[in-house]
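Beneath this line is the structure, given in structure tokens, with notes to follow.
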Amino acid sequence: MKKRFSINDMTVRKKITLFSALMLILIIIISAVGIWSSNMVNQARTSLNNSAMAQYDITQAFANFCNIKVRVRNILFAYYDDPTALQQQEQMIETYKADAQEYFELFEKRAGDMDPETAAEYQAVVSKINSWYDSTQEDIDMAKAGQVEQAVNDLMTNGKEIADDAESTLVELISTMETAARAKETQIQQQLTGLTILQVVVVVVAVLITIMYCLFLIRAITGPMAKLSEAARRMAEGEVDVDCQKIYNDDLGELLDEFARMANAVKEQTKITEAISHGDLTMEANPRSDKDVLGKAIVRLLSENNMTLSNVKEA
């Protein structure tokens, strides 16, 4: 049966490498969440700024529309018989029309993808203002032709109706945009709150994982090392019965196994020397390797003692 993988059985080097990799991954995750959150905040701020600027653009366009209304009234009520002043008023009307058109274009650019309701109201405003332009131009042409009274009556009836309708629609458009802006601001605030909670959760999880792995790593290294240190201290004091049972099947576990082999060898050699000290020369000693100096010394001791006793017996 295949042995189940356990992180405890990894070597110390692999455990430290895994810890480093884990820290790198957590740093990348935290950085990615931070960058993503920052982008979301920037997008939200850009959206709100565009919405505010779009409201400003439509308001400025309306201001130019009001200025045009004033110039039209000036022509029909004051300057209809003064060609120079009338021409100046017409030039000012064209200037205000160009400015209003520029603000309308800015509005369309900044508003971006408008919802159906806002788009419909905006198109209605533009259509009614253009209708009013056409109507008032006819009134101006009539005034130039000497039909001042007819032009004034048309302006005060048909023109006023179109202008009032355009103005009320524009007010509705601005109100709709303000409502949408407040709703978007609330939504953005909720998103920012969610992003803040997400960042806090990611950081807390990262800290907990780091603490847990650090505790595991400390225990995985200091536990076996403390056991080795205690065994070495006791053997240095002359004890041979020491605890060298390994904790994990890692490289420190292998070191404890080798230490246990050493302790068993010392124990075996101690047993032989005790037997010799009691006069038992029948013990058999085998060196563990060619470099086993103590084992070879015990073999020579047994051999020389046996030879000495043999000579004494023979004598």
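Naming works like this for the structure tokens: A, B, ... for the chains as they're shown, residue 1 at the start of each chain, ligands 1 onward in shown order.
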
So which residues touch Glu117 (chain A) within 12 Å, counting only C-alpha atoms, skipping near sequence neighbours fewer than 5 positions away, as a compact mmCIF listing (two decimals) with N, CA, C and O atoms, in the first residue's frame?
# COMPACT_ATOMS: atom_id res chain seq x y z
N TYR A 122 -32.87 63.20 -23.22
CA TYR A 122 -31.86 64.05 -23.88
C TYR A 122 -32.24 64.30 -25.34
O TYR A 122 -32.17 65.44 -25.82
N GLN A 123 -32.63 63.25 -26.05
CA GLN A 123 -33.03 63.41 -27.44
C GLN A 123 -34.25 64.33 -27.56
O GLN A 123 -34.36 65.13 -28.51
N ALA A 124 -35.18 64.23 -26.60
CA ALA A 124 -36.35 65.10 -26.61
C ALA A 124 -35.95 66.56 -26.41
O ALA A 124 -36.48 67.46 -27.08
N THR A 169 -38.55 69.69 -20.08
CA THR A 169 -37.89 68.41 -20.39
C THR A 169 -36.44 68.41 -19.94
O THR A 169 -35.93 67.41 -19.44
N GLU A 172 -36.32 67.89 -16.24
CA GLU A 172 -36.54 66.48 -15.96
C GLU A 172 -35.27 65.66 -16.22
O GLU A 172 -34.92 64.74 -15.47
N LEU A 173 -34.57 66.02 -17.30
CA LEU A 173 -33.31 65.33 -17.62
C LEU A 173 -32.28 65.52 -16.51
O LEU A 173 -31.64 64.56 -16.06
N ILE A 174 -32.14 66.76 -16.05
CA ILE A 174 -31.17 67.04 -14.98
C ILE A 174 -31.58 66.30 -13.71
O ILE A 174 -30.73 65.74 -12.99
N SER A 175 -32.88 66.29 -13.41
CA SER A 175 -33.36 65.58 -12.22
C SER A 175 -33.09 64.08 -12.33
O SER A 175 -32.66 63.44 -11.35
N THR A 176 -33.32 63.53 -13.52
CA THR A 176 -33.04 62.10 -13.73
C THR A 176 -31.56 61.79 -13.54
O THR A 176 -31.19 60.78 -12.93
N MET A 177 -30.71 62.68 -14.07
CA MET A 177 -29.27 62.47 -13.93
C MET A 177 -28.83 62.56 -12.47
O MET A 177 -27.96 61.80 -12.02
N THR A 179 -30.66 61.88 -9.85
CA THR A 179 -31.12 60.66 -9.18
C THR A 179 -30.20 59.48 -9.51
O THR A 179 -29.83 58.70 -8.62
N ALA A 180 -29.84 59.37 -10.79
CA ALA A 180 -28.94 58.28 -11.20
C ALA A 180 -27.58 58.44 -10.55
O ALA A 180 -26.95 57.45 -10.15

Using only C-alpha atoms, determine which residues lie at most 12 Å from Ala44 (chain A), disregarding the query and same-chain residues fewer than 5 positions distant; provide the list as an MDAnalysis selection string.
-> chainID A and resid 37:39 49:51 181 184:192

Deliver the residues from the most recent selection as a file, using C-alpha atoms, as a PDB file, in the first residue's frame.
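Writing done, so here's selection22.pdb:
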ATOM      1  CA  SER A  37      -9.385  47.578  -5.515  1.00  0.00           C
ATOM      2  CA  SER A  38      -7.449  50.679  -6.543  1.00  0.00           C
ATOM      3  CA  ASN A  39      -8.616  50.289 -10.142  1.00  0.00           C
ATOM      4  CA  ASN A  49     -16.670  62.869 -12.199  1.00  0.00           C
ATOM      5  CA  ASN A  50     -18.006  62.217 -15.698  1.00  0.00           C
ATOM      6  CA  SER A  51     -21.559  62.257 -14.383  1.00  0.00           C
ATOM      7  CA  ALA A 181     -25.803  59.940  -9.779  1.00  0.00           C
ATOM      8  CA  LYS A 184     -24.477  55.312  -8.483  1.00  0.00           C
ATOM      9  CA  GLU A 185     -22.761  57.000  -5.541  1.00  0.00           C
ATOM     10  CA  THR A 186     -24.589  54.669  -3.135  1.00  0.00           C
ATOM     11  CA  GLN A 187     -23.629  51.674  -5.261  1.00  0.00           C
ATOM     12  CA  ILE A 188     -20.005  52.787  -5.406  1.00  0.00           C
ATOM     13  CA  GLN A 189     -19.957  53.287  -1.638  1.00  0.00           C
ATOM     14  CA  GLN A 190     -21.260  49.733  -1.191  1.00  0.00           C
ATOM     15  CA  GLN A 191     -18.610  48.449  -3.584  1.00  0.00           C
ATOM     16  CA  LEU A 192     -15.885  50.306  -1.699  1.00  0.00           C
TER      17      LEU A 192
END

So how many Å separate CA of Ala145 (chain A) and CA of Asn130 (chain A), to one decimal?
->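 The value is 22.8 Å.
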
Looking only at helix (DSSP H, G or I) from DSSP on the backbone, list the matching residues of region 191-289 of chain A as a VMD selection string.
-> chain A and resid 191 to 236 251 to 277

Within 9 Å of Ala100 (chain A) using only C-alpha atoms, minus same-chain residues under 3 positions, as a PDB file with N, CA and C atoms, in the first residue's frame:
ATOM      1  N   ASP A  57     -22.315  70.221 -18.257  1.00  0.00           N
ATOM      2  CA  ASP A  57     -22.423  70.501 -19.696  1.00  0.00           C
ATOM      3  C   ASP A  57     -23.857  70.792 -20.113  1.00  0.00           C
ATOM      4  N   ILE A  58     -24.787  69.976 -19.639  1.00  0.00           N
ATOM      5  CA  ILE A  58     -26.183  70.170 -20.040  1.00  0.00           C
ATOM      6  C   ILE A  58     -26.734  71.460 -19.438  1.00  0.00           C
ATOM      7  N   GLN A  60     -24.891  74.199 -18.844  1.00  0.00           N
ATOM      8  CA  GLN A  60     -24.311  75.281 -19.635  1.00  0.00           C
ATOM      9  C   GLN A  60     -25.010  75.410 -20.985  1.00  0.00           C
ATOM     10  N   ALA A  61     -25.363  74.266 -21.576  1.00  0.00           N
ATOM     11  CA  ALA A  61     -26.112  74.313 -22.829  1.00  0.00           C
ATOM     12  C   ALA A  61     -27.455  75.018 -22.622  1.00  0.00           C
ATOM     13  N   PHE A  62     -28.099  74.738 -21.505  1.00  0.00           N
ATOM     14  CA  PHE A  62     -29.370  75.384 -21.191  1.00  0.00           C
ATOM     15  C   PHE A  62     -29.169  76.890 -20.969  1.00  0.00           C
ATOM     16  N   ALA A  63     -28.032  77.258 -20.343  1.00  0.00           N
ATOM     17  CA  ALA A  63     -27.759  78.686 -20.131  1.00  0.00           C
ATOM     18  C   ALA A  63     -27.618  79.409 -21.469  1.00  0.00           C
ATOM     19  N   ASN A  64     -26.943  78.774 -22.421  1.00  0.00           N
ATOM     20  CA  ASN A  64     -26.817  79.370 -23.754  1.00  0.00           C
ATOM     21  C   ASN A  64     -28.181  79.470 -24.443  1.00  0.00           C
ATOM     22  N   PHE A  65     -29.040  78.471 -24.221  1.00  0.00           N
ATOM     23  CA  PHE A  65     -30.392  78.495 -24.769  1.00  0.00           C
ATOM     24  C   PHE A  65     -31.166  79.700 -24.219  1.00  0.00           C
ATOM     25  N   THR A  95     -23.421  82.620 -32.047  1.00  0.00           N
ATOM     26  CA  THR A  95     -22.346  82.265 -31.101  1.00  0.00           C
ATOM     27  C   THR A  95     -22.890  81.401 -29.972  1.00  0.00           C
ATOM     28  N   TYR A  96     -24.045  81.791 -29.415  1.00  0.00           N
ATOM     29  CA  TYR A  96     -24.653  81.011 -28.336  1.00  0.00           C
ATOM     30  C   TYR A  96     -25.086  79.625 -28.832  1.00  0.00           C
ATOM     31  N   LYS A  97     -25.566  79.561 -30.061  1.00  0.00           N
ATOM     32  CA  LYS A  97     -25.946  78.263 -30.632  1.00  0.00           C
ATOM     33  C   LYS A  97     -24.733  77.343 -30.748  1.00  0.00           C
ATOM     34  N   TYR A 103     -21.447  72.180 -25.910  1.00  0.00           N
ATOM     35  CA  TYR A 103     -21.745  71.568 -24.616  1.00  0.00           C
ATOM     36  C   TYR A 103     -22.581  70.301 -24.777  1.00  0.00           C
ATOM     37  N   PHE A 104     -23.469  70.283 -25.775  1.00  0.00           N
ATOM     38  CA  PHE A 104     -24.229  69.063 -26.043  1.00  0.00           C
ATOM     39  C   PHE A 104     -23.299  67.918 -26.452  1.00  0.00           C
ATOM     40  N   GLU A 105     -22.306  68.228 -27.280  1.00  0.00           N
ATOM     41  CA  GLU A 105     -21.351  67.203 -27.718  1.00  0.00           C
ATOM     42  C   GLU A 105     -20.501  66.712 -26.541  1.00  0.00           C
TER      43      GLU A 105
END

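Residues within 9 Å of Ile140 (chain A), counting only C-alpha atoms and excluding same-chain residues fewer than 6 positions away, are Val72, Ile75, Leu76, Tyr80, Val148 and Ala151 of chain A.
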
For those residues, write N, CA and C atoms to a file as an mmCIF file, in the first residue's frame.
data_model
loop_
_atom_site.group_PDB
_atom_site.id
_atom_site.type_symbol
_atom_site.label_atom_id
_atom_site.label_comp_id
_atom_site.auth_asym_id
_atom_site.auth_seq_id
_atom_site.Cartn_x
_atom_site.Cartn_y
_atom_site.Cartn_z
ATOM 1 N N VAL A 72 -33.411 86.860 -29.035
ATOM 2 C CA VAL A 72 -34.572 86.828 -29.923
ATOM 3 C C VAL A 72 -35.587 87.897 -29.493
ATOM 4 N N ILE A 75 -34.476 91.317 -30.540
ATOM 5 C CA ILE A 75 -34.703 91.604 -31.960
ATOM 6 C C ILE A 75 -36.157 91.976 -32.212
ATOM 7 N N LEU A 76 -37.087 91.185 -31.647
ATOM 8 C CA LEU A 76 -38.506 91.381 -31.950
ATOM 9 C C LEU A 76 -39.102 92.596 -31.232
ATOM 10 N N TYR A 80 -35.784 95.499 -34.212
ATOM 11 C CA TYR A 80 -36.300 95.033 -35.504
ATOM 12 C C TYR A 80 -36.141 96.103 -36.592
ATOM 13 N N VAL A 148 -43.780 92.587 -37.765
ATOM 14 C CA VAL A 148 -43.303 92.519 -36.381
ATOM 15 C C VAL A 148 -44.389 91.993 -35.455
ATOM 16 N N ALA A 151 -44.868 88.347 -35.849
ATOM 17 C CA ALA A 151 -43.719 87.625 -35.307
ATOM 18 C C ALA A 151 -43.779 87.557 -33.785
#

If we count only C-alpha atoms, what is near Ala52 (chain A) at a cut-off of 10 Å, once residues fewer than 4 positions away on the same chain are taken out, given as number ranges by chain?
-> A: 46-48, 56-57, 110-111, 177-178, 181

Excluding region 6-15 of chain A and any residue of its chain fewer than 3 positions from it, enumerate the residues within 10 Å of it, using only C-alpha atoms, and give them as a ChimeraX atom specification.
-> /A:3,18-21,213,216-217,220-221,247-254

When distances are computed from only C-alpha atoms, which of A:Met262, A:Val204, A:Val171, A:Leu228 shows the smallest separation from Ile30 (chain A)?
-> A:Val204

Please indicate the distance in Å from CA of Ala226 (chain A) to CA of Leu256 (chain A), rounded to one decimal place.
->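 Separation of CA of Ala226 (chain A) and CA of Leu256 (chain A): 11.0 Å.
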
Write out as a tab-separated table (two decimals) with C-alpha atoms, in the first residue's frame each polymer residue whose atoms come within 12 Å of Ala85 (chain A), counting only C-alpha atoms; drop sequence neighbours fewer than 4 positions from it.
chain	number	residue	atom	x	y	z
A	71	ARG	CA	-31.48	87.93	-28.02
A	74	ASN	CA	-34.32	91.93	-28.19
A	75	ILE	CA	-34.70	91.60	-31.96
A	76	LEU	CA	-38.51	91.38	-31.95
A	78	ALA	CA	-36.28	96.52	-29.67
A	79	TYR	CA	-33.99	96.14	-32.69
A	80	TYR	CA	-36.30	95.03	-35.50
A	81	ASP	CA	-35.92	98.45	-37.20
A	89	GLN	CA	-27.97	90.24	-32.04
A	90	GLU	CA	-28.05	87.59	-34.79
A	91	GLN	CA	-24.29	87.11	-34.52
A	92	MET	CA	-24.62	86.67	-30.78

Residue among A:Ala143, A:Leu106, A:Leu86, A:Met307 lying closest to Gln55 (chain A), counting only C-alpha atoms |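 Closest residue, counting only C-alpha atoms: A:Leu106.
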